[in-house]
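Below is one structure, written out as structure tokens; the observations come after it.
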Amino acid sequence: MNFDTLALWSTHFKDENAGAVAPPIYLTTTYEKAADGSLPHGFLYSRMNNPNREAVEKSLAALEGGALGMAFASGQAAAMVLFQALRPGDHVIVADDAYYGTPALLEEVFGPWGLLFDRVDLTNSDNLKAALRSTTRLVWVETPSNPLLKVTDLRAVTELAKSVGAATVCDNTWATPFLQKPLALGCDVVMHSTTKYFGGHSDVLSGALIFKEETELAQRVKRLQVLGGAVPSPFECWLVLRGIKTLATRVRAQTASAAQLARFLTEHPAVEAVHYPGLPTHPQHEIAKAQMTDFGAMLSVQVRGGAVEALAVAGRLKLVTHATSLGGVESLIEHRASVEGPNSTTPPNLLRVSVGLEAVEDLIEDFKEALQP
Ligand SMILES: *Cc1c(COP(=O)(O)O)cnc(C)c1O
């Protein structure tokens, strides 16, 4: 089935009560039992499961081609539960430029708790080979990465990880399953901040994990999801489910605009570098071409000068809002080094752009004016 169709089909909600086409929001926390104590609809208590969450989880699993989807209160909550499913003494490898919150969880929470970890540049397999240990349980990849849009060869990473029995998880937030299917490329788990493209309108915080198979790790994560309860509310699930219906249409249009904007920026004299996997000059352009169906709507630009010049450009833009986050219908720009703090390795003159649904001519005009003070 075509992805556009699958997105609609997998989010279709059959309302037995009233035949509503748009799903109702089930605000109940608890469910009536039958006389014999059984659960007629399978629902017991909302932390365990509820109809809105079940609908999102099934759709997410269908879109990523996995056996099991699980929704969480945020992308970080999803990451947290995956790390919690490991045991003290286990070793984790995380991409060197993964979303800063991922290594922050390892450094501040799970290191002291007993996980061992290394940050590795996974765009080079030799680095991974050298870092793998017999105790490595998890390799955490993010491609394209945040904020430098480095692309990692998922097949190469998963093959190496398998050789020591480690699972590979791919943070697929930026690409979305519309552009990249990590499970089909050998990964065991996909992680999402569904706050971004799935929600699509900058109005819902949530996350997800999708497992290719119902492994022991998947079962343990499922248990932690219902025990810990870091789950999205029925309304948040409803918003994500609605977002999924237009995911392909939005990402397709945003990607086309991002490609045009990237080309415009590469030719601008006030620009030092543009990071976008769709540019033939991108160091992993060929890998991106092989494992993605298109290159996505995120790009980074390094302006001539330093942090002051970069922040000035962000401030002069009129259509593009200076704010954190990404994946919404409105274009956003952010100076990542300021957000990431003193340990940031992001170049000080770098601005990250999330291209929205504005007409690309208007976006290009906005950048033209902002780049020449
Ligand atoms: C936003 C983001 C996260 C964290 O997700 P939250 O929903 O904010 O907790 C993780 N990874 C990537 C790539 C992100 O963009």
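FYI, nothing fancy with the structure tokens labels: chains A, B, ... in order, residues from 1 per chain, ligands from 1 as they appear.
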
**OP:** Please check which protein, DNA or RNA residues sit within 6 Å of ligand 1, counting only C-alpha atoms and all ligand atoms, and write them as a ChimeraX atom specification.
**Re:** /A:74-76,99,173-174,193,195,205-207

With segment 324-342 of chain A as the partner and 12 Å as the cut-off, tabulate the residues of segment 82-119 of chain A that qualify, each row holding the nearest pair of atoms and their distance in Å to one decimal, using only C-alpha atoms, sorted by chain and rising number, as a Markdown table.
```
| residue | atom | partner | partner_atom | distance |
| --- | --- | --- | --- | --- |
| A:Asp97 | CA | A:Glu340 | CA | 11.5 |
| A:Ala98 | CA | A:Glu340 | CA | 11.9 |
| A:Tyr99 | CA | A:Glu340 | CA | 9.7 |
| A:Tyr100 | CA | A:Glu340 | CA | 7.0 |
| A:Gly101 | CA | A:Glu340 | CA | 9.2 |
| A:Pro103 | CA | A:Glu340 | CA | 11.8 |
| A:Ala104 | CA | A:Glu340 | CA | 10.4 |
```

Output file for the residues above (N, CA, C and O atoms, as an mmCIF file, in the first residue's frame):
```cif
data_model
loop_
_atom_site.group_PDB
_atom_site.id
_atom_site.type_symbol
_atom_site.label_atom_id
_atom_site.label_comp_id
_atom_site.auth_asym_id
_atom_site.auth_seq_id
_atom_site.Cartn_x
_atom_site.Cartn_y
_atom_site.Cartn_z
ATOM 1 N N ASP A 97 26.728 12.929 17.412
ATOM 2 C CA ASP A 97 25.929 14.158 17.317
ATOM 3 C C ASP A 97 24.432 13.846 17.362
ATOM 4 O O ASP A 97 23.628 14.499 16.714
ATOM 5 N N ALA A 98 24.080 12.853 18.179
ATOM 6 C CA ALA A 98 22.656 12.586 18.414
ATOM 7 C C ALA A 98 22.044 13.800 19.115
ATOM 8 O O ALA A 98 22.759 14.592 19.736
ATOM 9 N N TYR A 99 20.732 13.933 19.010
ATOM 10 C CA TYR A 99 19.973 14.960 19.732
ATOM 11 C C TYR A 99 20.548 15.084 21.139
ATOM 12 O O TYR A 99 20.723 14.067 21.813
ATOM 13 N N TYR A 100 20.847 16.305 21.582
ATOM 14 C CA TYR A 100 21.648 16.466 22.809
ATOM 15 C C TYR A 100 21.012 15.825 24.041
ATOM 16 O O TYR A 100 21.711 15.442 24.980
ATOM 17 N N GLY A 101 19.691 15.663 24.030
ATOM 18 C CA GLY A 101 19.011 15.066 25.183
ATOM 19 C C GLY A 101 19.331 13.585 25.362
ATOM 20 O O GLY A 101 19.253 13.061 26.484
ATOM 21 N N PRO A 103 22.401 11.780 24.758
ATOM 22 C CA PRO A 103 23.589 11.591 25.608
ATOM 23 C C PRO A 103 23.442 12.232 26.985
ATOM 24 O O PRO A 103 24.040 11.749 27.952
ATOM 25 N N ALA A 104 22.612 13.286 27.085
ATOM 26 C CA ALA A 104 22.408 13.905 28.404
ATOM 27 C C ALA A 104 21.756 12.911 29.362
ATOM 28 O O ALA A 104 22.099 12.851 30.545
#
```

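Here the question is which of A:Phe367, A:Phe83, A:Phe117, A:Tyr26 gets nearest to Leu209 of chain A using only C-alpha atoms, and that residue is A:Phe83.
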
Original post:
Can you list, as an MDAnalysis selection string, every residue of segment 16-90 of chain A that DSSP puts in strand (DSSP E or B)?
Top reply: chainID A and resid 30 45 68:72

Keeping only N, CA and C atoms, write those residues as a PDB file, in the first residue's frame.
```pdb
ATOM      1  N   THR A  30     -10.930   4.501  33.614  1.00  0.00           N
ATOM      2  CA  THR A  30     -11.214   3.110  33.971  1.00  0.00           C
ATOM      3  C   THR A  30     -12.362   2.545  33.125  1.00  0.00           C
ATOM      4  N   TYR A  45      -7.475   0.037  32.539  1.00  0.00           N
ATOM      5  CA  TYR A  45      -7.126   1.274  33.235  1.00  0.00           C
ATOM      6  C   TYR A  45      -6.233   2.054  32.275  1.00  0.00           C
ATOM      7  N   LEU A  68       5.316  -4.012  16.867  1.00  0.00           N
ATOM      8  CA  LEU A  68       4.809  -3.451  18.119  1.00  0.00           C
ATOM      9  C   LEU A  68       5.165  -1.963  18.203  1.00  0.00           C
ATOM     10  N   GLY A  69       4.141  -1.122  18.408  1.00  0.00           N
ATOM     11  CA  GLY A  69       4.375   0.315  18.597  1.00  0.00           C
ATOM     12  C   GLY A  69       3.989   0.699  20.011  1.00  0.00           C
ATOM     13  N   MET A  70       4.729   1.638  20.585  1.00  0.00           N
ATOM     14  CA  MET A  70       4.403   2.101  21.943  1.00  0.00           C
ATOM     15  C   MET A  70       4.530   3.607  21.994  1.00  0.00           C
ATOM     16  N   ALA A  71       3.494   4.256  22.551  1.00  0.00           N
ATOM     17  CA  ALA A  71       3.499   5.715  22.634  1.00  0.00           C
ATOM     18  C   ALA A  71       3.938   6.159  24.028  1.00  0.00           C
ATOM     19  N   PHE A  72       4.667   7.267  24.071  1.00  0.00           N
ATOM     20  CA  PHE A  72       5.178   7.811  25.338  1.00  0.00           C
ATOM     21  C   PHE A  72       4.849   9.300  25.433  1.00  0.00           C
TER      22      PHE A  72
END
```

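Shortest atom-to-atom contact with Leu350 of chain A among A:Ala259, A:Leu122, A:Ile210, A:Ala307: A:Ala307, counting only C-alpha atoms.
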
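When only C-alpha atoms are used to compute distances to Leu6 of chain A, the closest of the residues A:Asn49, A:Thr194, A:Gln180, A:Thr246 turns out to be A:Thr246.
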
Original post:
What's the 7 Å shell around Lys212 of chain A, counting only C-alpha atoms, without same-chain residues fewer than 4 positions away, as a PyMOL selection string?
Top reply: chain A and resi 66-68+183+188-189

Selection export as a compact mmCIF listing (two decimals), in the first residue's frame, atoms kept: N, CA and C atoms:
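What follows is the written file out_2.txt:
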```
# COMPACT_ATOMS: atom_id res chain seq x y z
N GLY A 66 6.68 -2.31 11.76
CA GLY A 66 7.10 -3.04 12.96
C GLY A 66 5.97 -3.89 13.52
N ALA A 67 6.33 -4.78 14.47
CA ALA A 67 5.33 -5.66 15.07
C ALA A 67 4.63 -4.99 16.25
N LEU A 68 5.32 -4.01 16.87
CA LEU A 68 4.81 -3.45 18.12
C LEU A 68 5.16 -1.96 18.20
N LEU A 183 13.59 -0.06 10.05
CA LEU A 183 13.39 -1.48 10.34
C LEU A 183 13.65 -2.33 9.10
N ASP A 188 16.48 -2.70 14.79
CA ASP A 188 15.56 -3.46 15.63
C ASP A 188 14.47 -2.58 16.22
N VAL A 189 14.81 -1.31 16.44
CA VAL A 189 13.89 -0.39 17.10
C VAL A 189 13.95 0.96 16.39
```

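Between Glu286 of chain A and the residues A:Ala61, A:Leu39, A:Val141, A:Val151, the shortest atom-to-atom distance, using only C-alpha atoms, involves A:Val151.
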
Subject >> Residue set, segment 146-289 of chain A restricted to alpha helix (DSSP H), as a ChimeraX atom specification >> reply: /A:154-163,176-179,216-228,234-245,247-266,285-289

**OP:** With a distance cut-off of 10 Å and only C-alpha atoms, select the neighbouring residues of Ser125 of chain A, excluding the residue or stretch itself and same-chain residues fewer than 5 positions from it, and output the selection as a PyMOL selection string.
**Re:** chain A and resi 120+130-131+152-153+156-157+160

Please produce an output containing N, CA, C and O atoms for each residue in the selection, written as an mmCIF file, in the first residue's frame.
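Result went into part.cif, see below:
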```
data_model
loop_
_atom_site.group_PDB
_atom_site.id
_atom_site.type_symbol
_atom_site.label_atom_id
_atom_site.label_comp_id
_atom_site.auth_asym_id
_atom_site.auth_seq_id
_atom_site.Cartn_x
_atom_site.Cartn_y
_atom_site.Cartn_z
ATOM 1 N N VAL A 120 30.215 7.925 19.613
ATOM 2 C CA VAL A 120 31.045 7.522 18.481
ATOM 3 C C VAL A 120 30.507 8.161 17.193
ATOM 4 O O VAL A 120 29.292 8.257 17.007
ATOM 5 N N ALA A 130 35.655 -0.443 16.428
ATOM 6 C CA ALA A 130 36.591 -0.268 17.542
ATOM 7 C C ALA A 130 35.858 -0.098 18.872
ATOM 8 O O ALA A 130 36.374 -0.475 19.926
ATOM 9 N N ALA A 131 34.635 0.460 18.832
ATOM 10 C CA ALA A 131 33.920 0.770 20.085
ATOM 11 C C ALA A 131 33.067 -0.387 20.596
ATOM 12 O O ALA A 131 32.730 -0.426 21.780
ATOM 13 N N THR A 152 24.105 8.360 8.383
ATOM 14 C CA THR A 152 24.765 7.111 8.759
ATOM 15 C C THR A 152 24.177 5.956 7.960
ATOM 16 O O THR A 152 22.958 5.866 7.802
ATOM 17 N N ASP A 153 25.046 5.080 7.490
ATOM 18 C CA ASP A 153 24.631 3.906 6.725
ATOM 19 C C ASP A 153 24.006 2.895 7.698
ATOM 20 O O ASP A 153 24.715 2.221 8.449
ATOM 21 N N ALA A 156 25.076 -0.890 7.368
ATOM 22 C CA ALA A 156 26.436 -1.152 7.862
ATOM 23 C C ALA A 156 26.444 -1.205 9.393
ATOM 24 O O ALA A 156 27.041 -2.110 9.992
ATOM 25 N N VAL A 157 25.756 -0.255 10.025
ATOM 26 C CA VAL A 157 25.739 -0.212 11.493
ATOM 27 C C VAL A 157 25.038 -1.431 12.074
ATOM 28 O O VAL A 157 25.534 -2.061 13.015
ATOM 29 N N LEU A 160 27.131 -4.666 11.941
ATOM 30 C CA LEU A 160 28.191 -4.706 12.953
ATOM 31 C C LEU A 160 27.601 -4.920 14.345
ATOM 32 O O LEU A 160 28.127 -5.702 15.143
#
```

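Atom CA of Leu60 of chain A sits 16.0 Å away from atom CA of Val204 of chain A.
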
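Rounded to one decimal, atom CA of His268 of chain A and atom CA of Val303 of chain A lie 9.5 Å from each other.
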
Original post:
Any idea what's packed within 10 Å of Ile93 of chain A, counting only C-alpha atoms, ignoring anything in its chain fewer than 4 positions away? Could you give it as a list in words?
Top reply: Pro103, Leu116, Phe117, Asp118, Arg119, Val120, Asp121, Leu122, Leu128, Ala131, Leu132, Arg133, Thr136, Arg137, Leu138, Val139, Trp140, Val141, Ala161, Ala166 and Thr168 of chain A

Subject >> Pairwise distance for atom CA of Gln372 of chain A and atom CA of Ala312 of chain A, rounded to one decimal in Å >> reply: 10.4 Å
